>>> print(open('entry28.cif').read())   # mmCIF, C-alpha atoms and all ligand atoms
data_run
loop_
_atom_site.label_atom_id
_atom_site.label_comp_id
_atom_site.auth_asym_id
_atom_site.auth_seq_id
_atom_site.Cartn_x
_atom_site.Cartn_y
_atom_site.Cartn_z
CA MET A 1 -17.86 -5.92 -9.56
CA THR A 2 -16.84 -4.15 -12.80
CA ASP A 3 -13.66 -2.19 -13.41
CA THR A 4 -15.37 1.12 -13.88
CA TYR A 5 -18.17 2.83 -12.04
CA THR A 6 -20.67 5.27 -13.45
CA PRO A 7 -22.15 7.28 -10.59
CA PRO A 8 -25.98 7.33 -10.63
CA LYS A 9 -27.81 10.68 -10.65
CA VAL A 10 -28.45 10.38 -6.92
CA TRP A 11 -26.07 8.52 -4.62
CA GLN A 12 -27.69 5.66 -2.66
CA TRP A 13 -26.39 4.18 0.58
CA ASP A 14 -25.43 0.53 0.05
CA ALA A 15 -24.73 -0.48 3.63
CA GLU A 16 -23.12 -3.78 2.56
CA ASN A 17 -20.57 -2.18 0.25
CA GLY A 18 -18.18 -0.57 2.69
CA GLY A 19 -15.54 -3.31 2.58
CA GLU A 20 -13.85 -3.97 5.91
CA PHE A 21 -15.57 -0.92 7.36
CA ALA A 22 -19.10 -1.80 6.20
CA LYS A 23 -20.36 -1.81 9.77
CA THR A 24 -19.09 1.65 10.66
CA ASN A 25 -19.25 3.69 7.45
CA ARG A 26 -22.50 5.66 7.51
CA PRO A 27 -23.69 8.77 5.68
CA ILE A 28 -25.59 10.07 8.73
CA ALA A 29 -24.53 11.35 12.14
CA GLY A 30 -26.14 10.90 15.55
CA PRO A 31 -26.62 7.99 17.94
CA ILE A 32 -28.01 4.63 16.86
CA GLU A 33 -28.64 3.23 20.34
CA GLU A 34 -28.97 4.28 23.99
CA LYS A 35 -25.71 3.44 25.77
CA GLU A 36 -24.32 5.32 28.75
CA LEU A 37 -20.59 5.73 29.26
CA GLN A 38 -18.89 4.51 32.38
CA VAL A 39 -17.18 7.10 34.61
CA GLY A 40 -14.23 6.29 36.87
CA LYS A 41 -12.68 8.13 39.79
CA HIS A 42 -9.91 10.12 38.09
CA PRO A 43 -10.05 13.73 36.81
CA TYR A 44 -9.72 12.60 33.19
CA GLN A 45 -12.06 10.13 31.56
CA LEU A 46 -10.84 8.94 28.18
CA TYR A 47 -13.00 6.99 25.72
CA SER A 48 -10.74 5.63 23.02
CA LEU A 49 -8.99 2.84 21.15
CA ALA A 50 -5.27 2.27 20.45
CA THR A 51 -5.37 3.57 16.87
CA PRO A 52 -2.88 6.33 15.91
CA ASN A 53 -5.39 9.03 16.87
CA GLY A 54 -6.11 7.31 20.18
CA VAL A 55 -2.43 6.72 21.00
CA LYS A 56 -1.67 10.46 20.73
CA VAL A 57 -3.75 11.08 23.85
CA THR A 58 -2.68 8.11 25.94
CA VAL A 59 0.96 9.01 25.24
CA MET A 60 0.28 12.61 26.34
CA LEU A 61 -1.41 11.48 29.57
CA GLU A 62 1.42 9.05 30.31
CA GLU A 63 4.02 11.76 29.54
CA LEU A 64 2.28 14.14 31.94
CA LEU A 65 2.27 11.51 34.68
CA GLU A 66 5.90 10.61 33.94
CA ALA A 67 6.78 14.31 34.32
CA GLY A 68 5.15 14.38 37.76
CA HIS A 69 1.77 15.96 36.93
CA SER A 70 -0.27 13.73 39.21
CA GLY A 71 -3.41 15.72 38.33
CA ALA A 72 -3.35 14.02 34.95
CA GLU A 73 -4.50 10.67 36.36
CA TYR A 74 -7.02 9.07 34.06
CA ASP A 75 -9.38 6.23 33.42
CA ALA A 76 -9.29 4.93 29.85
CA TRP A 77 -12.36 3.12 28.56
CA LEU A 78 -12.38 0.97 25.44
CA ILE A 79 -14.49 2.11 22.49
CA ARG A 80 -14.66 -0.67 19.90
CA ILE A 81 -15.20 1.22 16.69
CA GLY A 82 -15.54 -2.02 14.71
CA ASP A 83 -18.58 -2.85 16.88
CA GLY A 84 -20.06 0.65 16.55
CA ASP A 85 -19.51 1.81 20.16
CA GLN A 86 -18.89 5.34 18.82
CA PHE A 87 -22.56 5.55 17.85
CA GLY A 88 -23.88 4.96 21.38
CA SER A 89 -25.80 7.92 22.87
CA GLY A 90 -23.29 8.55 25.68
CA PHE A 91 -20.35 8.70 23.29
CA VAL A 92 -22.17 10.93 20.80
CA GLU A 93 -22.91 13.34 23.67
CA ILE A 94 -19.18 13.84 24.20
CA ASN A 95 -18.25 13.67 20.52
CA PRO A 96 -21.01 14.55 18.03
CA ASN A 97 -18.55 13.46 15.33
CA SER A 98 -18.63 9.81 16.60
CA LYS A 99 -14.89 9.19 16.42
CA ILE A 100 -12.30 8.27 19.01
CA PRO A 101 -10.59 9.75 20.97
CA ALA A 102 -12.91 11.75 23.23
CA LEU A 103 -12.02 13.04 26.68
CA VAL A 104 -14.04 14.42 29.57
CA ASP A 105 -12.16 16.73 31.93
CA HIS A 106 -13.75 16.49 35.41
CA SER A 107 -11.13 18.69 37.08
CA GLY A 108 -13.21 21.88 36.93
CA ALA A 109 -16.58 22.96 38.35
CA THR A 110 -18.47 21.27 35.51
CA PRO A 111 -17.31 18.41 33.27
CA GLN A 112 -15.82 19.60 29.99
CA ARG A 113 -15.97 17.42 26.88
CA ILE A 114 -13.13 17.62 24.37
CA PHE A 115 -13.08 15.87 21.00
CA GLU A 116 -10.56 15.92 18.12
CA SER A 117 -7.18 14.59 19.16
CA GLY A 118 -5.39 17.87 18.39
CA ALA A 119 -7.79 19.81 20.60
CA ILE A 120 -7.30 17.24 23.37
CA LEU A 121 -3.49 17.55 23.18
CA LEU A 122 -3.72 21.32 23.28
CA HIS A 123 -6.21 21.32 26.16
CA LEU A 124 -3.91 19.12 28.25
CA ALA A 125 -0.75 21.03 27.28
CA GLU A 126 -2.30 24.32 28.33
CA LYS A 127 -3.85 22.90 31.48
CA PHE A 128 -0.53 21.53 32.75
CA GLY A 129 1.81 24.01 31.08
CA ALA A 130 3.72 21.12 29.54
CA PHE A 131 4.93 19.85 26.16
CA LEU A 132 4.20 23.14 24.41
CA PRO A 133 6.97 25.75 24.31
CA THR A 134 6.30 28.99 26.18
CA ASP A 135 8.41 31.13 23.86
CA PRO A 136 5.83 32.63 21.42
CA ALA A 137 7.77 31.85 18.25
CA GLU A 138 8.50 28.25 19.33
CA ARG A 139 4.91 27.79 20.43
CA THR A 140 3.63 28.96 17.05
CA GLU A 141 6.00 26.58 15.27
CA ALA A 142 4.75 23.66 17.39
CA MET A 143 1.13 24.63 16.67
CA SER A 144 1.87 24.77 12.94
CA TRP A 145 3.10 21.18 13.04
CA LEU A 146 0.22 20.05 15.23
CA PHE A 147 -2.25 21.42 12.69
CA TRP A 148 -0.11 20.05 9.83
CA GLN A 149 -0.68 16.61 11.28
CA MET A 150 -4.42 17.09 11.65
CA GLY A 151 -4.72 18.15 8.02
CA SER A 152 -2.24 15.67 6.55
CA ALA A 153 -3.01 12.33 8.22
CA PRO A 154 -6.40 11.87 6.52
CA TYR A 155 -4.49 11.57 3.20
CA LEU A 156 -2.38 8.86 4.78
CA GLY A 157 -5.08 6.96 6.69
CA GLY A 158 -8.24 7.72 4.75
CA GLY A 159 -6.46 7.91 1.40
CA PHE A 160 -3.36 5.70 1.16
CA GLY A 161 -4.30 3.22 3.90
CA HIS A 162 -7.79 2.67 2.64
CA PHE A 163 -6.99 2.26 -1.05
CA TYR A 164 -3.70 0.34 -0.60
CA ALA A 165 -4.71 -1.95 2.26
CA TYR A 166 -8.44 -1.96 2.98
CA ALA A 167 -10.34 -1.41 -0.27
CA PRO A 168 -12.12 -4.57 -1.48
CA GLU A 169 -10.45 -4.06 -4.90
CA LYS A 170 -7.18 -2.31 -5.84
CA TYR A 171 -7.15 0.56 -8.32
CA GLU A 172 -4.06 2.26 -9.67
CA TYR A 173 -5.39 5.81 -9.75
CA PRO A 174 -6.16 6.28 -6.02
CA ILE A 175 -3.16 4.19 -4.92
CA ASN A 176 -0.83 6.31 -7.07
CA ARG A 177 -2.40 9.55 -5.95
CA PHE A 178 -2.22 8.82 -2.24
CA THR A 179 1.17 7.07 -2.39
CA MET A 180 2.59 10.19 -4.00
CA GLU A 181 1.11 12.36 -1.25
CA THR A 182 2.21 10.01 1.55
CA LYS A 183 5.80 9.96 0.27
CA ARG A 184 5.72 13.73 -0.12
CA GLN A 185 4.60 14.07 3.52
CA LEU A 186 7.40 11.73 4.67
CA ASP A 187 9.83 13.93 2.75
CA VAL A 188 8.41 17.07 4.41
CA LEU A 189 9.12 15.48 7.80
CA ASP A 190 12.52 14.17 6.74
CA ARG A 191 13.69 17.62 5.68
CA GLN A 192 12.32 19.20 8.86
CA LEU A 193 14.04 16.59 11.03
CA ALA A 194 17.36 17.05 9.23
CA GLU A 195 17.91 20.24 11.18
CA ARG A 196 16.29 19.65 14.53
CA ASP A 197 16.00 16.89 17.11
CA TYR A 198 12.24 17.02 17.34
CA ILE A 199 9.53 18.09 14.94
CA SER A 200 9.24 21.72 15.92
CA GLY A 201 12.63 22.35 17.50
CA ALA A 202 14.98 21.21 20.22
CA THR A 203 12.29 19.93 22.57
CA TYR A 204 9.75 17.14 22.43
CA SER A 205 6.22 18.56 22.22
CA ILE A 206 2.61 17.76 21.41
CA ALA A 207 3.59 18.10 17.74
CA ASP A 208 5.76 14.98 18.10
CA MET A 209 2.99 13.23 20.01
CA ALA A 210 0.53 13.94 17.19
CA ILE A 211 2.86 13.00 14.35
CA TRP A 212 4.68 9.96 15.75
CA PRO A 213 1.73 7.55 15.98
CA TRP A 214 1.00 8.11 12.27
CA TYR A 215 4.30 8.77 10.54
CA GLY A 216 6.61 7.15 13.09
CA LEU A 217 4.72 3.87 12.91
CA LEU A 218 4.48 4.14 9.12
CA ALA A 219 8.25 4.60 8.98
CA ALA A 220 8.68 1.58 11.24
CA GLY A 221 6.76 -0.51 8.69
CA GLN A 222 3.94 -0.95 11.19
CA ALA A 223 1.14 0.56 9.13
CA TYR A 224 -0.70 -1.05 6.21
CA ASP A 225 2.14 -3.53 5.59
CA SER A 226 3.58 -0.86 3.32
CA GLY A 227 7.19 -0.39 4.49
CA GLU A 228 8.80 -1.86 1.38
CA PHE A 229 6.26 -0.31 -1.03
CA LEU A 230 6.96 3.16 0.36
CA GLN A 231 10.70 2.52 0.87
CA VAL A 232 10.40 3.95 4.36
CA GLU A 233 14.04 3.20 5.23
CA THR A 234 15.14 5.95 2.84
CA TYR A 235 13.74 8.65 5.16
CA GLU A 236 16.76 8.59 7.42
CA ASN A 237 15.93 11.55 9.65
CA VAL A 238 12.41 10.26 10.20
CA GLN A 239 13.95 6.90 11.13
CA ARG A 240 16.29 8.51 13.70
CA TRP A 241 13.43 10.50 15.24
CA ARG A 242 10.89 7.69 15.33
CA LYS A 243 13.37 5.40 17.12
CA GLN A 244 14.22 8.15 19.63
CA VAL A 245 10.54 8.77 20.40
CA SER A 246 9.66 5.08 20.62
CA GLU A 247 12.24 4.63 23.41
CA ARG A 248 10.36 6.99 25.75
CA PRO A 249 8.78 5.04 28.63
CA ALA A 250 5.55 7.05 28.36
CA VAL A 251 5.30 6.23 24.66
CA LYS A 252 5.77 2.54 25.41
CA ARG A 253 2.99 2.68 28.01
CA GLY A 254 0.65 4.91 26.01
CA ARG A 255 0.71 2.51 23.07
CA LEU A 256 -0.64 -0.27 25.25
CA VAL A 257 -3.76 1.51 26.46
CA ASN A 258 -7.19 0.67 25.01
CA LYS A 259 -5.71 -2.18 23.05
CA SER A 260 -7.99 -5.18 22.86
CA GLU A 261 -5.13 -7.66 22.24
CA ASN A 262 -1.65 -7.72 23.88
CA GLY A 263 -2.33 -4.58 25.86
CA LEU A 264 -4.71 -3.05 28.37
CA LYS A 265 -8.34 -2.98 27.31
CA GLU A 266 -8.90 -0.39 30.02
CA ARG A 267 -6.46 1.59 32.15
CA HIS A 268 -7.38 2.82 35.61
CA SER A 269 -4.07 2.92 37.46
CA ALA A 270 -0.31 3.02 36.85
CA SER A 271 -0.10 -0.48 38.30
CA ASP A 272 -2.26 -1.83 35.45
CA PHE A 273 0.88 -1.86 33.29
CA GLU A 274 2.50 -4.46 35.54
CA SER A 275 0.37 -7.11 33.85
CA VAL A 276 1.64 -6.43 30.31
CA SER A 277 5.00 -6.35 28.55
CA GLN A 278 6.14 -2.85 27.62
CA GLU A 279 8.64 -4.03 24.97
N1 LIG A 301 -9.77 14.16 13.33
C1 LIG A 301 -10.11 13.17 14.31
C2 LIG A 301 -10.10 11.81 13.64
C3 LIG A 301 -10.54 10.71 14.57
C4 LIG A 301 -10.74 9.40 13.82
O1 LIG A 301 -10.75 9.34 12.59
N2 LIG A 301 -10.92 8.34 14.61
C5 LIG A 301 -11.15 7.03 14.01
C6 LIG A 301 -10.19 6.02 14.58
S1 LIG A 301 -8.52 6.46 14.29
C7 LIG A 301 -12.56 6.58 14.35
O2 LIG A 301 -13.02 6.74 15.47
N3 LIG A 301 -13.25 5.96 13.40
C8 LIG A 301 -14.54 5.43 13.61
C9 LIG A 301 -15.52 5.86 12.58
O3 LIG A 301 -15.14 6.58 11.65
O4 LIG A 301 -16.70 5.46 12.68
C10 LIG A 301 -9.14 13.21 15.48
O5 LIG A 301 -7.95 13.48 15.23
O6 LIG A 301 -9.55 13.00 16.63
#
>>> encode(input="entry28.cif", output="structure tokens")
Amino acid sequence: MTDTYTPPKVWQWDAENGGEFAKTNRPIAGPIEEKELQVGKHPYQLYSLATPNGVKVTVMLEELLEAGHSGAEYDAWLIRIGDGDQFGSGFVEINPNSKIPALVDHSGATPQRIFESGAILLHLAEKFGAFLPTDPAERTEAMSWLFWQMGSAPYLGGGFGHFYAYAPEKYEYPINRFTMETKRQLDVLDRQLAERDYISGATYSIADMAIWPWYGLLAAGQAYDSGEFLQVETYENVQRWRKQVSERPAVKRGRLVNKSENGLKERHSASDFESVSQE
């Protein structure tokens, strides 16, 4: 490995050179093997993993159930992205983008696939009339923050996280660039939360559910072992909000779903949580 890299005229795929993600990073889409998905008895079938993008959806489903929407019962199936489960034919049929989370809504006349965590949150919020304000101005504000998260988190996860924590070698340029952006994003949230209890206003919404698993856990020092490096304690409003959200029973449960260690690999019933600690 040299310190500099001169790109060749034509990029070549070196399957062994993807660092920790060598098995999953691919320049092509589509399935690599025939593999059907399992289907349980509940209206919602979730295929996911307890990463920040996955947790958004399990928190939303648990919040809906906590709020008494029994129609939101779900089966959650584990997709091990490190083993390439997202490239199985059944998964690619429900998400041609081969990334978790993906949901199938069986509550209508024909099953409806939904991929992209933001689209899943919105689908469920509209279906149950919950966690999205009905006032048009408040709804638009919540949507702005939902889409802010979808556009911003790749700089955190795919940028900062990869170059600071996962890259096989550390380089100053990308670490500086993405640290700057990550701290700027934390400051955006900190200023927003200085004036309101939740991200988009006085009430907890799908905007909080989308943002908390990324920026809440980052602020808690639970992402990329980067708490001290980013000085996360200095974002005081983010700290107040992330603690408030993490106390919600549905958040505690949602975080445990599709977790291969110290959690529930699969979730098929509320009673499944009795076997694991929610603290
Ligand atoms: N924009 C997508 C991103 C989903 C995403 O990046 N999922 C990651 C896990 S957090 C994944 O499945 N990675 C597997 C891969 O890239 O092969 C969403 O919000 O749903």
>>> residues_around(input="entry28.cif", residues="A:Gly108", least_positions_apart="6", cutoff="12 Å", atoms="only C-alpha atoms", output="CSV table (one decimal) with C-alpha atoms, in the frame of the given file")
chain,number,residue,atom,x,y,z
A,43,PRO,CA,-10.0,13.7,36.8
A,44,TYR,CA,-9.7,12.6,33.2
A,71,GLY,CA,-3.4,15.7,38.3
A,127,LYS,CA,-3.8,22.9,31.5
>>> closest_atom_pairs(input="entry28.cif", of="chain A", to="ligand LIG 301 (chain A)", cutoff="8 Å", atoms="only C-alpha atoms and all ligand atoms", output="CSV")
residue,atom,partner,partner_atom,distance
A:Thr24,CA,A:LIG301,O4,4.9
A:Asn25,CA,A:LIG301,O4,6.1
A:Arg26,CA,A:LIG301,O4,7.8
A:Ser48,CA,A:LIG301,O2,8.0
A:Leu49,CA,A:LIG301,C6,7.4
A:Thr51,CA,A:LIG301,S1,5.0
A:Pro52,CA,A:LIG301,S1,5.9
A:Asn53,CA,A:LIG301,S1,4.8
A:Gly54,CA,A:LIG301,S1,6.4
A:Ile81,CA,A:LIG301,C8,5.3
A:Gly82,CA,A:LIG301,C8,7.6
A:Gly84,CA,A:LIG301,O4,7.0
A:Gln86,CA,A:LIG301,O4,6.5
A:Phe87,CA,A:LIG301,O4,7.8
A:Ser98,CA,A:LIG301,O4,6.2
A:Lys99,CA,A:LIG301,O2,3.2
A:Ile100,CA,A:LIG301,O2,3.9
A:Pro101,CA,A:LIG301,O6,5.5
A:Ala102,CA,A:LIG301,O6,7.5
A:Phe115,CA,A:LIG301,O6,6.3
A:Glu116,CA,A:LIG301,O6,3.4
A:Ser117,CA,A:LIG301,O6,3.8
A:Gly118,CA,A:LIG301,O5,6.0
A:Met150,CA,A:LIG301,O5,6.2
A:Pro154,CA,A:LIG301,O1,7.9
>>> write_last_selection(input="entry28.cif", atoms="C-alpha atoms", output="compact mmCIF listing (two decimals), in the frame of the given file")
# COMPACT_ATOMS: atom_id res chain seq x y z
CA THR A 24 -19.09 1.65 10.66
CA ASN A 25 -19.25 3.69 7.45
CA ARG A 26 -22.50 5.66 7.51
CA SER A 48 -10.74 5.63 23.02
CA LEU A 49 -8.99 2.84 21.15
CA THR A 51 -5.37 3.57 16.87
CA PRO A 52 -2.88 6.33 15.91
CA ASN A 53 -5.39 9.03 16.87
CA GLY A 54 -6.11 7.31 20.18
CA ILE A 81 -15.20 1.22 16.69
CA GLY A 82 -15.54 -2.02 14.71
CA GLY A 84 -20.06 0.65 16.55
CA GLN A 86 -18.89 5.34 18.82
CA PHE A 87 -22.56 5.55 17.85
CA SER A 98 -18.63 9.81 16.60
CA LYS A 99 -14.89 9.19 16.42
CA ILE A 100 -12.30 8.27 19.01
CA PRO A 101 -10.59 9.75 20.97
CA ALA A 102 -12.91 11.75 23.23
CA PHE A 115 -13.08 15.87 21.00
CA GLU A 116 -10.56 15.92 18.12
CA SER A 117 -7.18 14.59 19.16
CA GLY A 118 -5.39 17.87 18.39
CA MET A 150 -4.42 17.09 11.65
CA PRO A 154 -6.40 11.87 6.52
>>> closest_residue(input="entry28.cif", among="A:Ala109, A:Met180, A:Pro31, A:Thr234", to="A:Asn97", atoms="only C-alpha atoms")
A:Pro31
>>> atom_distance(input="entry28.cif", atom1="atom CA of A:Ile175", atom2="atom CA of A:Pro213")
21.7 Å
>>> residues_near_point(input="entry28.cif", point="(21.1, 16.2, 13.0)", cutoff="12 Å", atoms="only C-alpha atoms", output="ChimeraX atom specification")
/A:190-199,201-202,236-241
>>> closest_residue(input="entry28.cif", among="A:Gly158, A:Gly129, A:Gly40, A:Gly227", to="A:His268", atoms="only C-alpha atoms")
A:Gly40
>>> residues_around(input="entry28.cif", residues="A:Glu274", least_positions_apart="2", cutoff="12 Å", atoms="all atoms listed in the file", output="ChimeraX atom specification")
/A:253,256,263-264,267,269-272,276-278
